[in-house]
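Structure data follow from data.cif (mmCIF, C-alpha atoms):
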data_run
#
loop_
_atom_site.group_PDB
_atom_site.id
_atom_site.type_symbol
_atom_site.label_atom_id
_atom_site.label_comp_id
_atom_site.auth_asym_id
_atom_site.auth_seq_id
_atom_site.Cartn_x
_atom_site.Cartn_y
_atom_site.Cartn_z
ATOM 1 C CA MET A 19 15.472 25.341 15.758
ATOM 2 C CA VAL A 20 18.648 27.381 15.346
ATOM 3 C CA ASN A 21 17.762 29.532 18.345
ATOM 4 C CA ASP A 22 17.077 26.424 20.504
ATOM 5 C CA LYS A 23 20.510 25.021 19.657
ATOM 6 C CA MET A 24 22.165 28.281 20.549
ATOM 7 C CA VAL A 25 20.419 28.287 23.940
ATOM 8 C CA ASN A 26 21.523 24.710 24.632
ATOM 9 C CA ASN A 27 25.113 25.528 23.726
ATOM 10 C CA ASP A 28 25.030 28.525 26.042
ATOM 11 C CA ASN A 29 23.787 26.300 28.850
ATOM 12 C CA LEU A 30 26.680 23.912 28.312
ATOM 13 C CA ARG A 31 29.195 26.754 28.378
ATOM 14 C CA THR A 32 27.855 28.144 31.645
ATOM 15 C CA HIS A 33 27.924 24.774 33.435
ATOM 16 C CA ARG A 34 31.124 24.008 35.361
ATOM 17 C CA SER A 35 32.430 20.498 36.024
ATOM 18 C CA GLY A 36 35.751 19.065 37.058
ATOM 19 C CA PHE A 37 37.803 16.661 39.125
ATOM 20 C CA VAL A 38 38.928 17.980 42.509
ATOM 21 C CA ASN A 39 41.586 15.660 43.924
ATOM 22 C CA ILE A 40 42.704 15.723 47.554
ATOM 23 C CA VAL A 41 46.290 14.663 48.336
ATOM 24 C CA GLY A 42 48.747 15.052 51.191
ATOM 25 C CA ASN A 43 50.648 13.238 53.901
ATOM 26 C CA PRO A 44 48.941 10.746 56.252
ATOM 27 C CA ASN A 45 46.765 12.063 59.075
ATOM 28 C CA VAL A 46 46.524 15.689 57.929
ATOM 29 C CA GLY A 47 42.719 15.580 57.657
ATOM 30 C CA LYS A 48 42.078 14.736 54.001
ATOM 31 C CA SER A 49 39.093 12.499 54.722
ATOM 32 C CA THR A 50 37.572 15.008 57.132
ATOM 33 C CA LEU A 51 37.937 17.687 54.452
ATOM 34 C CA MET A 52 36.407 15.461 51.777
ATOM 35 C CA ASN A 53 33.381 14.701 53.949
ATOM 36 C CA ALA A 54 32.952 18.377 54.847
ATOM 37 C CA LEU A 55 33.033 19.457 51.190
ATOM 38 C CA VAL A 56 30.754 16.665 49.975
ATOM 39 C CA GLY A 57 28.334 16.936 52.882
ATOM 40 C CA GLU A 58 28.244 13.158 53.273
ATOM 41 C CA ARG A 59 30.327 10.743 55.337
ATOM 42 C CA LEU A 60 32.006 8.813 52.512
ATOM 43 C CA SER A 61 35.566 8.479 53.855
ATOM 44 C CA ILE A 62 36.338 6.840 57.188
ATOM 45 C CA ILE A 63 37.915 9.055 59.833
ATOM 46 C CA THR A 64 40.032 7.912 62.780
ATOM 47 C CA SER A 65 42.985 9.296 64.700
ATOM 48 C CA LYS A 66 45.215 6.624 63.140
ATOM 49 C CA ALA A 67 47.283 7.309 60.022
ATOM 50 C CA GLN A 68 46.724 5.430 56.742
ATOM 51 C CA THR A 69 42.994 4.952 57.280
ATOM 52 C CA THR A 70 42.182 5.618 53.610
ATOM 53 C CA ARG A 71 43.366 2.839 51.309
ATOM 54 C CA HIS A 72 41.444 3.525 48.112
ATOM 55 C CA ARG A 73 40.740 6.539 45.957
ATOM 56 C CA ILE A 74 37.201 7.418 47.036
ATOM 57 C CA MET A 75 35.027 9.635 44.869
ATOM 58 C CA GLY A 76 32.313 11.954 46.127
ATOM 59 C CA ILE A 77 30.145 13.966 43.733
ATOM 60 C CA VAL A 78 28.538 17.310 44.573
ATOM 61 C CA ASN A 79 25.891 18.592 42.171
ATOM 62 C CA GLY A 80 24.288 21.973 41.711
ATOM 63 C CA GLU A 81 22.137 23.425 38.971
ATOM 64 C CA ASP A 82 25.154 24.879 37.184
ATOM 65 C CA PHE A 83 28.065 22.778 38.479
ATOM 66 C CA GLN A 84 29.348 19.311 39.294
ATOM 67 C CA MET A 85 32.358 18.802 41.597
ATOM 68 C CA VAL A 86 33.903 15.340 41.478
ATOM 69 C CA TYR A 87 36.028 15.002 44.620
ATOM 70 C CA SER A 88 38.579 12.246 45.201
ATOM 71 C CA ASP A 89 39.991 11.387 48.615
ATOM 72 C CA THR A 90 43.296 9.510 48.380
ATOM 73 C CA PRO A 91 45.580 7.559 50.723
ATOM 74 C CA GLY A 92 48.246 9.529 52.531
ATOM 75 C CA VAL A 93 51.533 9.802 50.670
ATOM 76 C CA LEU A 94 54.130 7.550 52.262
ATOM 77 C CA SER A 95 57.296 5.541 51.599
ATOM 78 C CA PRO A 96 55.870 2.049 50.998
ATOM 79 C CA ASN A 97 57.093 -0.951 53.002
ATOM 80 C CA TYR A 98 54.974 -3.654 51.336
ATOM 81 C CA GLN A 99 52.861 -4.177 48.219
ATOM 82 C CA LEU A 100 49.604 -2.828 49.672
ATOM 83 C CA GLN A 101 51.284 0.488 50.496
ATOM 84 C CA ARG A 102 52.766 0.597 46.980
ATOM 85 C CA GLN A 103 49.261 0.281 45.561
ATOM 86 C CA MET A 104 48.016 2.977 47.945
ATOM 87 C CA LEU A 105 50.793 5.300 46.739
ATOM 88 C CA GLU A 106 49.728 4.666 43.141
ATOM 89 C CA PHE A 107 46.199 5.804 44.002
ATOM 90 C CA SER A 108 47.697 9.061 45.312
ATOM 91 C CA ARG A 109 49.932 9.520 42.270
ATOM 92 C CA SER A 110 47.016 8.919 39.906
ATOM 93 C CA ALA A 111 45.279 11.904 41.486
ATOM 94 C CA LEU A 112 48.008 14.137 40.047
ATOM 95 C CA VAL A 113 47.185 13.084 36.502
ATOM 96 C CA ASP A 114 43.509 13.955 36.083
ATOM 97 C CA ALA A 115 43.001 16.872 38.474
ATOM 98 C CA ASP A 116 41.316 20.056 37.323
ATOM 99 C CA VAL A 117 41.823 21.400 40.830
ATOM 100 C CA LEU A 118 44.344 19.837 43.212
ATOM 101 C CA LEU A 119 43.927 20.283 46.955
ATOM 102 C CA TYR A 120 47.259 19.668 48.699
ATOM 103 C CA VAL A 121 46.431 19.319 52.384
ATOM 104 C CA THR A 122 48.923 20.053 55.136
ATOM 105 C CA GLU A 123 48.650 20.958 58.822
ATOM 106 C CA PRO A 124 50.774 22.870 61.362
ATOM 107 C CA GLN A 125 52.823 19.826 62.443
ATOM 108 C CA ASP A 126 53.428 18.664 58.870
ATOM 109 C CA THR A 127 56.911 18.968 57.360
ATOM 110 C CA ILE A 128 57.898 19.296 53.724
ATOM 111 C CA ASP A 129 60.690 16.734 54.005
ATOM 112 C CA ARG A 130 58.255 13.871 54.645
ATOM 113 C CA ASN A 131 57.721 13.415 50.898
ATOM 114 C CA PRO A 132 59.867 15.886 48.912
ATOM 115 C CA ASP A 133 59.452 13.966 45.621
ATOM 116 C CA PHE A 134 55.674 14.261 45.791
ATOM 117 C CA ILE A 135 55.910 17.984 46.558
ATOM 118 C CA GLU A 136 58.088 18.415 43.481
ATOM 119 C CA LYS A 137 55.375 16.796 41.351
ATOM 120 C CA VAL A 138 52.808 19.188 42.841
ATOM 121 C CA LYS A 139 55.105 22.135 42.034
ATOM 122 C CA LYS A 140 55.386 21.006 38.412
ATOM 123 C CA MET A 141 51.601 20.717 38.139
ATOM 124 C CA SER A 142 51.182 24.202 39.556
ATOM 125 C CA SER A 143 53.801 25.649 37.210
ATOM 126 C CA ALA A 144 52.158 23.890 34.253
ATOM 127 C CA GLY A 145 48.829 25.616 34.922
ATOM 128 C CA THR A 146 46.853 23.203 37.111
ATOM 129 C CA ARG A 147 44.948 25.066 39.790
ATOM 130 C CA VAL A 148 46.577 24.058 43.073
ATOM 131 C CA PHE A 149 45.031 25.034 46.392
ATOM 132 C CA LEU A 150 47.341 24.653 49.393
ATOM 133 C CA ILE A 151 45.137 23.780 52.352
ATOM 134 C CA ILE A 152 46.500 24.461 55.842
ATOM 135 C CA ASN A 153 44.160 22.357 57.963
ATOM 136 C CA LYS A 154 43.692 22.191 61.760
ATOM 137 C CA ILE A 155 44.396 25.897 62.261
ATOM 138 C CA ASP A 156 42.288 25.737 65.427
ATOM 139 C CA LEU A 157 45.231 23.848 66.954
ATOM 140 C CA THR A 158 47.831 26.552 66.340
ATOM 141 C CA THR A 159 48.535 30.233 66.993
ATOM 142 C CA GLN A 160 48.086 33.195 64.681
ATOM 143 C CA GLU A 161 51.851 33.750 64.652
ATOM 144 C CA THR A 162 52.546 30.172 63.615
ATOM 145 C CA LEU A 163 49.851 30.336 60.954
ATOM 146 C CA GLU A 164 51.359 33.480 59.440
ATOM 147 C CA SER A 165 54.760 31.755 59.313
ATOM 148 C CA LEU A 166 53.213 28.725 57.612
ATOM 149 C CA VAL A 167 51.475 30.870 54.993
ATOM 150 C CA ALA A 168 54.753 32.677 54.236
ATOM 151 C CA PHE A 169 56.626 29.354 54.014
ATOM 152 C CA TRP A 170 54.163 27.757 51.616
ATOM 153 C CA HIS A 171 54.153 30.886 49.445
ATOM 154 C CA THR A 172 57.858 30.259 48.839
ATOM 155 C CA GLN A 173 57.340 26.535 48.170
ATOM 156 C CA LEU A 174 54.295 26.805 45.880
ATOM 157 C CA PRO A 175 54.226 30.405 44.634
ATOM 158 C CA GLU A 176 51.448 29.782 42.080
ATOM 159 C CA ALA A 177 49.182 28.027 44.592
ATOM 160 C CA GLU A 178 46.311 29.690 46.410
ATOM 161 C CA ILE A 179 46.500 29.179 50.180
ATOM 162 C CA PHE A 180 43.456 28.429 52.333
ATOM 163 C CA PRO A 181 43.786 28.174 56.138
ATOM 164 C CA ILE A 182 40.885 26.046 57.396
ATOM 165 C CA SER A 183 39.655 23.715 60.115
ATOM 166 C CA ALA A 184 37.776 20.877 58.440
ATOM 167 C CA GLN A 185 36.757 19.452 61.809
ATOM 168 C CA GLU A 186 35.222 22.758 62.913
ATOM 169 C CA ARG A 187 34.069 23.591 59.363
ATOM 170 C CA PHE A 188 35.921 26.915 59.507
ATOM 171 C CA GLY A 189 36.721 28.213 56.015
ATOM 172 C CA ILE A 190 34.882 25.383 54.237
ATOM 173 C CA SER A 191 32.263 27.551 52.514
ATOM 174 C CA GLN A 192 34.917 29.950 51.186
ATOM 175 C CA LEU A 193 36.996 27.026 49.925
ATOM 176 C CA PHE A 194 33.923 25.445 48.317
ATOM 177 C CA ASP A 195 33.146 28.670 46.408
ATOM 178 C CA ALA A 196 36.760 29.018 45.268
ATOM 179 C CA ILE A 197 36.783 25.443 43.965
ATOM 180 C CA LYS A 198 33.519 25.978 42.106
ATOM 181 C CA ASN A 199 34.844 29.118 40.412
ATOM 182 C CA ALA A 200 38.068 27.322 39.439
ATOM 183 C CA LEU A 201 36.307 24.502 37.584
ATOM 184 C CA PRO A 202 36.365 24.573 33.781
ATOM 185 C CA GLU A 203 33.180 25.210 31.826
ATOM 186 C CA CYS A 204 32.001 21.718 30.978
ATOM 187 C CA PRO A 205 28.871 19.533 31.033
ATOM 188 C CA PRO A 206 28.521 17.057 33.932
ATOM 189 C CA PHE A 207 30.536 13.831 33.871
ATOM 190 C CA PHE A 208 28.008 11.836 35.926
ATOM 191 C CA PRO A 209 24.225 11.790 36.355
ATOM 192 C CA LYS A 210 23.121 14.611 38.619
ATOM 193 C CA ASP A 211 21.656 12.247 41.219
ATOM 194 C CA GLN A 212 24.870 10.216 41.611
ATOM 195 C CA LEU A 213 26.764 10.638 44.897
ATOM 196 C CA THR A 214 29.800 8.411 44.365
ATOM 197 C CA ASP A 215 31.428 5.931 41.990
ATOM 198 C CA LYS A 216 31.597 3.199 44.648
ATOM 199 C CA PRO A 217 28.982 0.435 45.120
ATOM 200 C CA ALA A 218 27.054 -0.072 48.369
ATOM 201 C CA ARG A 219 29.261 -2.991 49.407
ATOM 202 C CA PHE A 220 32.324 -0.749 49.392
ATOM 203 C CA PHE A 221 30.895 1.499 52.103
ATOM 204 C CA VAL A 222 29.926 -1.503 54.216
ATOM 205 C CA ASN A 223 33.560 -2.654 53.977
ATOM 206 C CA GLU A 224 34.807 0.786 54.966
ATOM 207 C CA ILE A 225 32.464 1.148 57.939
ATOM 208 C CA ILE A 226 33.513 -2.242 59.321
ATOM 209 C CA ARG A 227 37.176 -1.402 58.760
ATOM 210 C CA GLU A 228 36.703 1.902 60.583
ATOM 211 C CA LYS A 229 35.399 0.030 63.651
ATOM 212 C CA ILE A 230 38.424 -2.269 63.511
ATOM 213 C CA LEU A 231 40.702 0.782 63.452
ATOM 214 C CA GLN A 232 38.890 2.186 66.481
ATOM 215 C CA ASN A 233 38.835 -1.013 68.537
ATOM 216 C CA TYR A 234 42.239 -2.617 67.967
ATOM 217 C CA ASP A 235 45.814 -1.413 68.478
ATOM 218 C CA LYS A 236 49.247 -1.941 66.956
ATOM 219 C CA GLU A 237 49.399 -3.969 63.732
ATOM 220 C CA ILE A 238 45.882 -5.475 63.746
ATOM 221 C CA PRO A 239 44.053 -2.623 61.915
ATOM 222 C CA TYR A 240 46.678 -2.538 59.170
ATOM 223 C CA SER A 241 46.726 -6.312 58.688
ATOM 224 C CA VAL A 242 43.030 -6.769 57.952
ATOM 225 C CA GLU A 243 40.838 -6.454 54.897
ATOM 226 C CA VAL A 244 37.048 -6.667 54.813
ATOM 227 C CA GLU A 245 34.954 -8.278 52.106
ATOM 228 C CA VAL A 246 31.165 -8.418 51.847
ATOM 229 C CA GLU A 247 30.175 -11.921 50.753
ATOM 230 C CA SER A 248 26.418 -11.336 50.722
ATOM 231 C CA PHE A 249 24.317 -8.157 50.476
ATOM 232 C CA LYS A 250 20.591 -8.834 50.238
ATOM 233 C CA GLU A 251 18.255 -5.860 50.352
ATOM 234 C CA GLU A 252 14.636 -6.497 51.317
ATOM 235 C CA ASP A 253 11.762 -4.024 51.754
ATOM 236 C CA LYS A 254 12.607 -3.137 55.359
ATOM 237 C CA LEU A 255 15.899 -4.925 55.977
ATOM 238 C CA ILE A 256 19.386 -5.401 54.530
ATOM 239 C CA ARG A 257 21.043 -8.747 55.288
ATOM 240 C CA ILE A 258 24.848 -8.609 55.134
ATOM 241 C CA ASP A 259 27.483 -11.317 55.575
ATOM 242 C CA ALA A 260 31.033 -9.948 55.718
ATOM 243 C CA VAL A 261 34.435 -11.530 56.271
ATOM 244 C CA ILE A 262 37.330 -9.906 58.103
ATOM 245 C CA TYR A 263 40.561 -11.285 56.670
ATOM 246 C CA CYS A 264 43.771 -11.153 58.703
ATOM 247 C CA GLU A 265 47.265 -12.445 58.011
ATOM 248 C CA ARG A 266 47.911 -14.817 60.937
ATOM 249 C CA ASP A 267 46.050 -17.165 63.272
ATOM 250 C CA SER A 268 47.217 -15.145 66.288
ATOM 251 C CA GLN A 269 45.532 -12.047 64.820
ATOM 252 C CA LYS A 270 42.317 -14.009 64.264
ATOM 253 C CA GLY A 271 42.136 -14.797 67.982
ATOM 254 C CA ILE A 272 42.637 -11.152 68.931
ATOM 255 C CA ILE A 273 39.964 -9.955 66.510
ATOM 256 C CA ILE A 274 37.413 -12.462 67.829
ATOM 257 C CA GLY A 275 38.306 -11.871 71.486
ATOM 258 C CA LYS A 276 37.307 -13.881 74.538
ATOM 259 C CA ALA A 277 34.019 -15.697 73.837
ATOM 260 C CA GLY A 278 33.653 -13.545 70.713
ATOM 261 C CA SER A 279 33.315 -10.313 72.721
ATOM 262 C CA ALA A 280 35.617 -8.155 70.569
ATOM 263 C CA LEU A 281 33.992 -9.227 67.309
ATOM 264 C CA LYS A 282 30.513 -8.655 68.757
ATOM 265 C CA ARG A 283 31.501 -5.104 69.728
ATOM 266 C CA VAL A 284 32.794 -4.350 66.230
ATOM 267 C CA GLY A 285 29.669 -5.848 64.680
ATOM 268 C CA SER A 286 27.318 -3.855 66.897
ATOM 269 C CA GLN A 287 29.087 -0.540 66.207
ATOM 270 C CA ALA A 288 29.316 -1.230 62.469
ATOM 271 C CA ARG A 289 25.659 -2.236 62.215
ATOM 272 C CA LYS A 290 24.515 1.069 63.740
ATOM 273 C CA ASP A 291 26.593 3.114 61.285
ATOM 274 C CA ILE A 292 25.512 0.996 58.324
ATOM 275 C CA GLU A 293 21.886 1.568 59.315
ATOM 276 C CA ASP A 294 22.543 5.320 59.462
ATOM 277 C CA PHE A 295 24.234 5.215 56.054
ATOM 278 C CA PHE A 296 21.459 3.297 54.274
ATOM 279 C CA GLN A 297 18.567 4.546 56.466
ATOM 280 C CA LYS A 298 17.351 0.991 56.840
ATOM 281 C CA GLN A 299 17.452 -1.808 59.418
ATOM 282 C CA VAL A 300 20.493 -4.077 58.998
ATOM 283 C CA PHE A 301 21.202 -7.670 60.001
ATOM 284 C CA LEU A 302 24.989 -8.044 59.984
ATOM 285 C CA GLN A 303 27.003 -11.242 60.409
ATOM 286 C CA LEU A 304 30.791 -11.044 60.702
ATOM 287 C CA PHE A 305 33.253 -13.878 60.167
ATOM 288 C CA VAL A 306 37.028 -13.931 60.590
ATOM 289 C CA LYS A 307 39.366 -15.844 58.268
ATOM 290 C CA VAL A 308 43.115 -15.979 57.675
ATOM 291 C CA ASP A 309 44.531 -14.925 54.298
ATOM 292 C CA LYS A 310 48.245 -15.315 54.922
ATOM 293 C CA ASP A 311 50.426 -12.338 53.887
ATOM 294 C CA TRP A 312 47.670 -10.881 51.687
ATOM 295 C CA ARG A 313 49.235 -7.387 51.870
ATOM 296 C CA SER A 314 52.250 -8.619 49.874
ATOM 297 C CA ASN A 315 50.355 -10.850 47.415
ATOM 298 C CA THR A 316 49.637 -9.077 44.125
ATOM 299 C CA ASN A 317 46.828 -11.439 43.134
ATOM 300 C CA ARG A 318 45.079 -11.071 46.476
ATOM 301 C CA LEU A 319 45.427 -7.281 46.311
ATOM 302 C CA LYS A 320 43.752 -7.304 42.911
ATOM 303 C CA HIS A 321 40.959 -9.441 44.340
ATOM 304 C CA TYR A 322 40.407 -6.868 47.089
ATOM 305 C CA GLY A 323 40.300 -4.004 44.574
ATOM 306 C CA TYR A 324 43.825 -2.550 44.866
ATOM 307 C CA ASP A 325 44.517 -2.410 41.152
ATOM 308 C CA LEU A 326 44.892 0.543 38.800
ATOM 309 C CA SER A 327 45.243 -1.416 35.564
#
How does this structure look as structure tokens?
Amino acid sequence: MVNDKMVNNDNLRTHRSGFVNIVGNPNVGKSTLMNALVGERLSIITSKAQTTRHRIMGIVNGEDFQMVYSDTPGVLSPNYQLQRQMLEFSRSALVDADVLLYVTEPQDTIDRNPDFIEKVKKMSSAGTRVFLIINKIDLTTQETLESLVAFWHTQLPEAEIFPISAQERFGISQLFDAIKNALPECPPFFPKDQLTDKPARFFVNEIIREKILQNYDKEIPYSVEVEVESFKEEDKLIRIDAVIYCERDSQKGIIIGKAGSALKRVGSQARKDIEDFFQKQVFLQLFVKVDKDWRSNTNRLKHYGYDLS
């Protein structure tokens, strides 16, 4: 019995687990990086900034490790209550990180959010493992990259710097191994077959919202929220009713489009991706309703899941 206990304790000590939190300015490729590291498409990706609104967790399991990744909204100066809540999701990632991935790219500038950078510096100086990720290096020159590496060495001297291209998957395997080796020795936090902390409905919401981001311009994508009202899974089919909420009647008309054409296009594109995600046939119905000024209403934000309390 004593020998069995000793073996079990040794197994616990050789297992690595930890929280790997991804932060950075909007549109630097955080979601693309998260999906590349996790190997699943959990975070929505578009060319528009501020696509990620929540802190999204993706879990990677191996025999002797568990990496708990968190994708966070881009750090920004908030203009309304929704953006304040998004910033809180990003700030919370600085509190519980075992490894912090600060993502930047060649066009990024340090003066976009100097206060946030200062917090990252303090974490690095206090002993948190900080990896400075220079993403999108396929879009720059070797000379520029060398200058960026030298610059970030002066800004975050304790951080390890990784030039990568998440889109092209260049440098991902090396980064993955470095993260694994940086995790503390610890038993797993979640069951080994768990992929994320979010329910199925959340990913339906995100897929629909991604199609809205891709199909509409200007303020429309940032003024809408999606809520699944019904999710019924049968043997060979998932039946989903979802509501797209916007802030004004004029936006409702744009989202629906002439004779419902715009909404049909969003529904068709979303249904295909939802079927790919769940590997099952999907019947999707979309509705559009007005929830006036929901982005500035604290109670409505809590209802939609933007609450850290």
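Near Asp195 of chain A, within 12 Å and counting only C-alpha atoms, sit Leu55, Phe83, Met85, Phe180, Gly189, Ile190, Ser191, Asn199, Ala200 and Leu201 of chain A; same-chain residues fewer than 4 positions away were not included.
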### Query
Any chance you could work out the residue set of the PyMOL selection byres ((chain A and resi 146) around 10) here, as a PyMOL selection string?
chain A and resi 112+114-118+138-145+147-149+176-177+200
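Nearest-residue note for Phe37 of chain A: choosing from A:Leu166, A:Pro124, A:Leu213, A:Lys198, the minimum distance belongs to A:Lys198, counting only C-alpha atoms.
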### Message
I need the output of the PyMOL selection byres ((chain A and resi 229) around 10) for this file as an MDAnalysis selection string; which residues are they?
### Response
chainID A and resid 62 64 224:228 230:234 239 283:288 291
### Message
Please determine, counting all atoms listed in the file, which residue among A:Lys236, A:His321, A:Lys210, A:Lys254 has the shortest atom-to-atom distance to Gln297 of chain A.
### Response
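For Gln297 of chain A, the nearest of the given residues is A:Lys254.
With all atoms listed in the file as the atoms that count, the minimum distance from Leu281 of chain A to the choices A:Val261, A:Val121, A:Val46, A:Leu51 is reached by A:Val261.
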### Query
Mind telling me what the PyMOL selection byres ((chain A and resi 249) around 9) catches here, as a VMD selection string?
chain A and resid 218 to 219 246 to 248 250 to 251 256 to 260
Generate a file of the selected residues that holds C-alpha atoms, formatted as a PDB file, keeping the file's coordinate frame.
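And here is the file that came out, again20.pdb:
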ATOM      1  CA  ALA A 218      27.054  -0.072  48.369  1.00  0.00           C
ATOM      2  CA  ARG A 219      29.261  -2.991  49.407  1.00  0.00           C
ATOM      3  CA  VAL A 246      31.165  -8.418  51.847  1.00  0.00           C
ATOM      4  CA  GLU A 247      30.175 -11.921  50.753  1.00  0.00           C
ATOM      5  CA  SER A 248      26.418 -11.336  50.722  1.00  0.00           C
ATOM      6  CA  LYS A 250      20.591  -8.834  50.238  1.00  0.00           C
ATOM      7  CA  GLU A 251      18.255  -5.860  50.352  1.00  0.00           C
ATOM      8  CA  ILE A 256      19.386  -5.401  54.530  1.00  0.00           C
ATOM      9  CA  ARG A 257      21.043  -8.747  55.288  1.00  0.00           C
ATOM     10  CA  ILE A 258      24.848  -8.609  55.134  1.00  0.00           C
ATOM     11  CA  ASP A 259      27.483 -11.317  55.575  1.00  0.00           C
ATOM     12  CA  ALA A 260      31.033  -9.948  55.718  1.00  0.00           C
TER      13      ALA A 260
END
### Task
Determine the nearest neighbour of Thr172 of chain A from the options A:Ala184, A:Val113, A:Val56, A:Leu150, counting all atoms listed in the file.
A:Leu150
#### Entry: Nearest to Thr90 of chain A, chosen from A:Ser241, A:Asn131, A:Asn45, A:Ser165, with only C-alpha atoms counted in the distances
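Among the listed residues, A:Asn45 lies closest to Thr90 of chain A.
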#### Entry: Atomic separation - atom CA of Ile151 of chain A relative to atom CA of Ile182 of chain A, Å
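These atoms are spaced 7.0 Å apart.
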